[in-house]
Protein chains: 2
Amino acid sequence: MDKLFQDRMETLLGARDIESCPVRDVLSRVSGKWSTLLLLALSDGPRRFSELKRFAPDISQRMLTKSLTDLRRDGYITRTVYPTQPPQVEYALTEAGHSFLEAWHGVVVWARDNRHLVHEARQRFDSEEGQDR
Amino acid sequence: MDKLFQDRMETLLGARDIESCPVRDVLSRVSGKWSTLLLLALSDGPRRFSELKRFAPDISQRMLTKSLTDLRRDGYITRTVYPTQPPQVEYALTEAGHSFLEAWHGVVVWARDNRHLVHEARQRFDSEEGQDR
DNA sequence: CCGAATCCCCGCGGATACTG
DNA sequence: CAGTATCCGCGGGGATTCGG
């Protein structure tokens with residue numbers, strides 16, 4: 001492992017241990033089961049709590065609340081309460097949220113376009129299981 | 001939630017439930033704690049098992065083996081055994097692995113460049129804790 | 001050197017019931 | 001409507017030991 005490569009990695013990642021690596025630090029928060037889906041749901045404009053619940057077909061109320069809180073904590077979305085009766089709460093992407101989604105978009109598209117590739121690889125691997133090692 | 005938006009989402013994601021959504025399906029496999037780091041380690045060329053272990057400072061042997069197996073199963077990397085004494089095993093990116101890393105690169109750069117933003121947001125949130133809800 | 005097997009901890013995430 | 005609280009199972013992931 002040559003030093004030049006190590007340097008490039010250092011420049012790209014900042015560090016490699018989980019505590020101090022910015023990339024792993026930031027990404028660990030959006031790797032939840034619902035984060036991407038919720039950010040995408042907000043990409044078109046603000047949504048109410050109940051709208052998001054309808055959008056994510058099988059999320060539990062607990063996880064919806066928790067995911068939204070996490071995203072809010074990291075500054076990807078905002079939360080606005082309208083003191084009506086009954087209460088009304090609106091979530092919206094921040095600047096950071098939009099900019100993150102833009103970067104993320106490439107990965108989303110890749111995943112959609114290469115799904116079959118991954119599936120084929122899995123089947124091939126599973127059928128060869130145990131006879132090459 | 002207007003129908004036009006729903007349609008765009010359908011086009012982008014294929015589906016929204018976890019079972020049939022290609023994006024979530026594919027991404028769930030690379031969201032592991034070490035996957036990204038290992039793929040990046042291989043981006044420069046093939047590496048031996050022990051090299052990867054040295055590269056990832058705090059991975060356990062168990063998780064190194066497991067992560068590599070998972071990545072291999074999904075077709076991101078290959079594994080070549082040289083029947084020497086002692087044995088020697090080399091891992092390398094496939095075409096799919098390279099192409100995936102390319103898409104992923106945008107996110108890595110975003111995370112590095114916006115780390116401080118996320119950190120500030122977290123601190124702000126934590127210090128306001130409980131007084132706005 | 002590379003990996004399989006075993007044991008165990010912990011946090012994500014689901015189900016359900018209760019509040020303002 | 002928009003949460004909170006509680007209980008609980010499952011699987012990711014670490015430590016350690018054994019094998020080829």
# chains A, B, ... in the order shown; residues from 1 in each chain; ligands from 1
$ interface_residues --of "chain A" --to "chain D" --cutoff "8 Å" --atoms "only C-alpha atoms (C1' of nucleotides)" --output "MDAnalysis selection string"
chainID A and resid 49:50 65 86:89
$ residues_around --residues "Lys33 of chain A" --least-positions-apart "3" --cutoff "12 Å" --atoms "only C-alpha atoms (C1' of nucleotides)" --output "compact mmCIF listing (two decimals) with N, CA and C atoms (P, O5', C5', C4', C3', O3' and C1' of nucleotides), in the first residue's frame"
# COMPACT_ATOMS: atom_id res chain seq x y z
N SER A 28 -23.31 8.04 8.43
CA SER A 28 -23.94 7.13 9.39
C SER A 28 -25.35 7.61 9.75
N ARG A 29 -25.58 8.88 9.58
CA ARG A 29 -26.88 9.43 9.95
C ARG A 29 -27.93 9.30 8.87
N VAL A 30 -27.51 9.15 7.65
CA VAL A 30 -28.49 9.05 6.57
C VAL A 30 -28.60 7.62 6.07
N THR A 36 -33.46 8.29 3.40
CA THR A 36 -33.48 8.68 1.98
C THR A 36 -34.89 8.88 1.47
N LEU A 37 -35.75 7.93 1.82
CA LEU A 37 -37.12 8.01 1.35
C LEU A 37 -37.81 9.29 1.82
N LEU A 38 -37.58 9.66 3.07
CA LEU A 38 -38.21 10.86 3.61
C LEU A 38 -37.65 12.12 2.98
N LEU A 39 -36.35 12.16 2.79
CA LEU A 39 -35.76 13.32 2.13
C LEU A 39 -36.33 13.48 0.72
N ALA A 56 -44.81 6.99 2.94
CA ALA A 56 -44.03 5.80 3.29
C ALA A 56 -45.00 4.71 3.73
N ASP A 58 -45.03 1.64 4.81
CA ASP A 58 -44.97 0.70 5.93
C ASP A 58 -44.10 1.18 7.08
N ILE A 59 -43.98 2.48 7.22
CA ILE A 59 -43.20 2.99 8.35
C ILE A 59 -44.09 3.02 9.59
N SER A 60 -43.50 2.74 10.73
CA SER A 60 -44.26 2.85 11.98
C SER A 60 -44.22 4.31 12.45
N MET A 63 -41.02 5.27 14.18
CA MET A 63 -39.84 5.48 13.35
C MET A 63 -39.97 6.72 12.49
N LEU A 64 -41.19 7.07 12.11
CA LEU A 64 -41.36 8.31 11.36
C LEU A 64 -40.92 9.49 12.21
N LYS A 66 -38.98 9.46 14.85
CA LYS A 66 -37.56 9.39 15.16
C LYS A 66 -36.69 9.79 13.97
N SER A 67 -37.04 9.29 12.78
CA SER A 67 -36.25 9.62 11.60
C SER A 67 -36.29 11.12 11.33
N ARG B 16 -41.99 1.95 -3.49
CA ARG B 16 -41.59 2.58 -2.24
C ARG B 16 -41.49 1.62 -1.06
N ASP B 17 -42.13 0.47 -1.20
CA ASP B 17 -41.99 -0.48 -0.10
C ASP B 17 -40.64 -1.17 -0.18
N ILE B 18 -40.12 -1.50 0.96
CA ILE B 18 -38.73 -1.96 1.08
C ILE B 18 -38.45 -3.21 0.26
N VAL B 23 -33.85 0.82 -5.23
CA VAL B 23 -32.88 1.69 -4.59
C VAL B 23 -32.59 1.23 -3.16
N ARG B 24 -33.63 1.01 -2.43
CA ARG B 24 -33.44 0.59 -1.04
C ARG B 24 -32.83 -0.80 -0.98
N ASP B 25 -33.21 -1.61 -1.94
CA ASP B 25 -32.67 -2.95 -2.01
C ASP B 25 -31.16 -2.93 -2.21
N LEU B 27 -29.07 -0.31 -1.94
CA LEU B 27 -28.34 0.49 -0.96
C LEU B 27 -28.22 -0.18 0.40
N SER B 28 -29.16 -1.03 0.72
CA SER B 28 -29.11 -1.68 2.03
C SER B 28 -27.84 -2.51 2.17
N ARG B 29 -27.29 -2.93 1.05
CA ARG B 29 -26.11 -3.78 1.11
C ARG B 29 -24.83 -3.01 1.25
N SER B 31 -24.64 -0.13 2.94
CA SER B 31 -24.77 0.82 4.04
C SER B 31 -24.11 0.29 5.30
N GLY B 32 -23.41 -0.83 5.18
CA GLY B 32 -22.71 -1.38 6.31
C GLY B 32 -21.63 -0.43 6.81
P DC C 12 -29.65 3.21 17.16
O5' DC C 12 -30.43 2.56 15.93
C5' DC C 12 -29.70 1.84 14.92
C4' DC C 12 -30.64 0.87 14.25
C3' DC C 12 -31.92 1.50 13.73
O3' DC C 12 -32.15 1.01 12.41
C1' DC C 12 -32.45 -0.28 15.20
P DG C 13 -33.19 1.80 11.46
O5' DG C 13 -34.55 1.07 11.79
C5' DG C 13 -34.66 -0.35 11.59
C4' DG C 13 -35.86 -0.88 12.31
C3' DG C 13 -37.16 -0.06 12.13
O3' DG C 13 -38.15 -0.93 11.63
C1' DG C 13 -36.85 -0.70 14.36
$ select_by_dssp --residues "segment 17-106 of chain A" --states "alpha helix (DSSP H)" --output "number ranges by chain"
A: 22-30, 35-42, 49-55, 61-73, 95-106
$ interface_residues --of "chain A" --to "chain B" --cutoff "8 Å" --atoms "only C-alpha atoms" --output "PyMOL selection string"
chain A and resi 1+5+12-14+16-17+22-23+26-28+31+33+37+44+51+56-58+73-75+96+100+103-104+106-112+115+117-119+121-122+125-126
$ atom_distance --atom1 "atom CA of Asp2 of chain B" --atom2 "atom CA of Glu19 of chain B"
24.1 Å
$ interface_residues --of "chain C" --to "chain A" --cutoff "12 Å" --atoms "only C-alpha atoms (C1' of nucleotides)" --output "PyMOL selection string"
chain C and resi 2-3+12-16+20
$ select_by_dssp --residues "chain B" --states "strand (DSSP E or B)" --output "ChimeraX atom specification"
/B:47-48,77-82,88-93
$ write_last_selection --atoms "N, CA, C and O atoms" --output "PDB file, in the first residue's frame"
ATOM      1  N   ARG B  47      -5.955  -5.569  -3.673  1.00  0.00           N
ATOM      2  CA  ARG B  47      -5.304  -5.571  -2.361  1.00  0.00           C
ATOM      3  C   ARG B  47      -5.419  -6.946  -1.741  1.00  0.00           C
ATOM      4  O   ARG B  47      -6.412  -7.644  -1.938  1.00  0.00           O
ATOM      5  N   ARG B  48      -4.455  -7.288  -0.938  1.00  0.00           N
ATOM      6  CA  ARG B  48      -4.520  -8.540  -0.205  1.00  0.00           C
ATOM      7  C   ARG B  48      -5.315  -8.358   1.065  1.00  0.00           C
ATOM      8  O   ARG B  48      -5.511  -7.233   1.547  1.00  0.00           O
ATOM      9  N   ILE B  77     -16.908  -6.772  -5.999  1.00  0.00           N
ATOM     10  CA  ILE B  77     -15.491  -7.141  -5.972  1.00  0.00           C
ATOM     11  C   ILE B  77     -15.314  -8.620  -6.343  1.00  0.00           C
ATOM     12  O   ILE B  77     -16.271  -9.398  -6.299  1.00  0.00           O
ATOM     13  N   THR B  78     -14.100  -8.970  -6.684  1.00  0.00           N
ATOM     14  CA  THR B  78     -13.756 -10.370  -6.939  1.00  0.00           C
ATOM     15  C   THR B  78     -12.730 -10.839  -5.906  1.00  0.00           C
ATOM     16  O   THR B  78     -12.107 -10.024  -5.228  1.00  0.00           O
ATOM     17  N   ARG B  79     -12.577 -12.152  -5.833  1.00  0.00           N
ATOM     18  CA  ARG B  79     -11.650 -12.737  -4.859  1.00  0.00           C
ATOM     19  C   ARG B  79     -10.824 -13.794  -5.581  1.00  0.00           C
ATOM     20  O   ARG B  79     -11.365 -14.706  -6.193  1.00  0.00           O
ATOM     21  N   THR B  80      -9.520 -13.643  -5.529  1.00  0.00           N
ATOM     22  CA  THR B  80      -8.628 -14.575  -6.213  1.00  0.00           C
ATOM     23  C   THR B  80      -7.665 -15.203  -5.212  1.00  0.00           C
ATOM     24  O   THR B  80      -6.990 -14.497  -4.467  1.00  0.00           O
ATOM     25  N   VAL B  81      -7.631 -16.526  -5.227  1.00  0.00           N
ATOM     26  CA  VAL B  81      -6.751 -17.235  -4.303  1.00  0.00           C
ATOM     27  C   VAL B  81      -5.511 -17.728  -5.036  1.00  0.00           C
ATOM     28  O   VAL B  81      -5.628 -18.407  -6.059  1.00  0.00           O
ATOM     29  N   TYR B  82      -4.350 -17.405  -4.539  1.00  0.00           N
ATOM     30  CA  TYR B  82      -3.112 -17.937  -5.090  1.00  0.00           C
ATOM     31  C   TYR B  82      -2.627 -19.066  -4.186  1.00  0.00           C
ATOM     32  O   TYR B  82      -2.368 -18.840  -3.006  1.00  0.00           O
ATOM     33  N   GLN B  88      -2.429 -16.853  -0.231  1.00  0.00           N
ATOM     34  CA  GLN B  88      -2.467 -15.434  -0.539  1.00  0.00           C
ATOM     35  C   GLN B  88      -3.763 -15.152  -1.280  1.00  0.00           C
ATOM     36  O   GLN B  88      -4.075 -15.803  -2.270  1.00  0.00           O
ATOM     37  N   VAL B  89      -4.518 -14.191  -0.793  1.00  0.00           N
ATOM     38  CA  VAL B  89      -5.818 -13.903  -1.386  1.00  0.00           C
ATOM     39  C   VAL B  89      -5.879 -12.440  -1.786  1.00  0.00           C
ATOM     40  O   VAL B  89      -5.508 -11.558  -1.013  1.00  0.00           O
ATOM     41  N   GLU B  90      -6.358 -12.212  -2.981  1.00  0.00           N
ATOM     42  CA  GLU B  90      -6.397 -10.854  -3.494  1.00  0.00           C
ATOM     43  C   GLU B  90      -7.819 -10.439  -3.832  1.00  0.00           C
ATOM     44  O   GLU B  90      -8.552 -11.203  -4.461  1.00  0.00           O
ATOM     45  N   TYR B  91      -8.188  -9.248  -3.434  1.00  0.00           N
ATOM     46  CA  TYR B  91      -9.501  -8.700  -3.756  1.00  0.00           C
ATOM     47  C   TYR B  91      -9.344  -7.552  -4.734  1.00  0.00           C
ATOM     48  O   TYR B  91      -8.376  -6.789  -4.656  1.00  0.00           O
ATOM     49  N   ALA B  92     -10.309  -7.433  -5.649  1.00  0.00           N
ATOM     50  CA  ALA B  92     -10.233  -6.366  -6.653  1.00  0.00           C
ATOM     51  C   ALA B  92     -11.623  -5.894  -7.027  1.00  0.00           C
ATOM     52  O   ALA B  92     -12.592  -6.666  -6.977  1.00  0.00           O
ATOM     53  N   LEU B  93     -11.750  -4.640  -7.390  1.00  0.00           N
ATOM     54  CA  LEU B  93     -13.028  -4.093  -7.841  1.00  0.00           C
ATOM     55  C   LEU B  93     -13.420  -4.702  -9.180  1.00  0.00           C
ATOM     56  O   LEU B  93     -12.562  -4.934 -10.029  1.00  0.00           O
TER      57      LEU B  93
END
$ atom_distance --atom1 "atom CA of Leu42 of chain A" --atom2 "atom C1' of DG11 of chain C"
27.1 Å
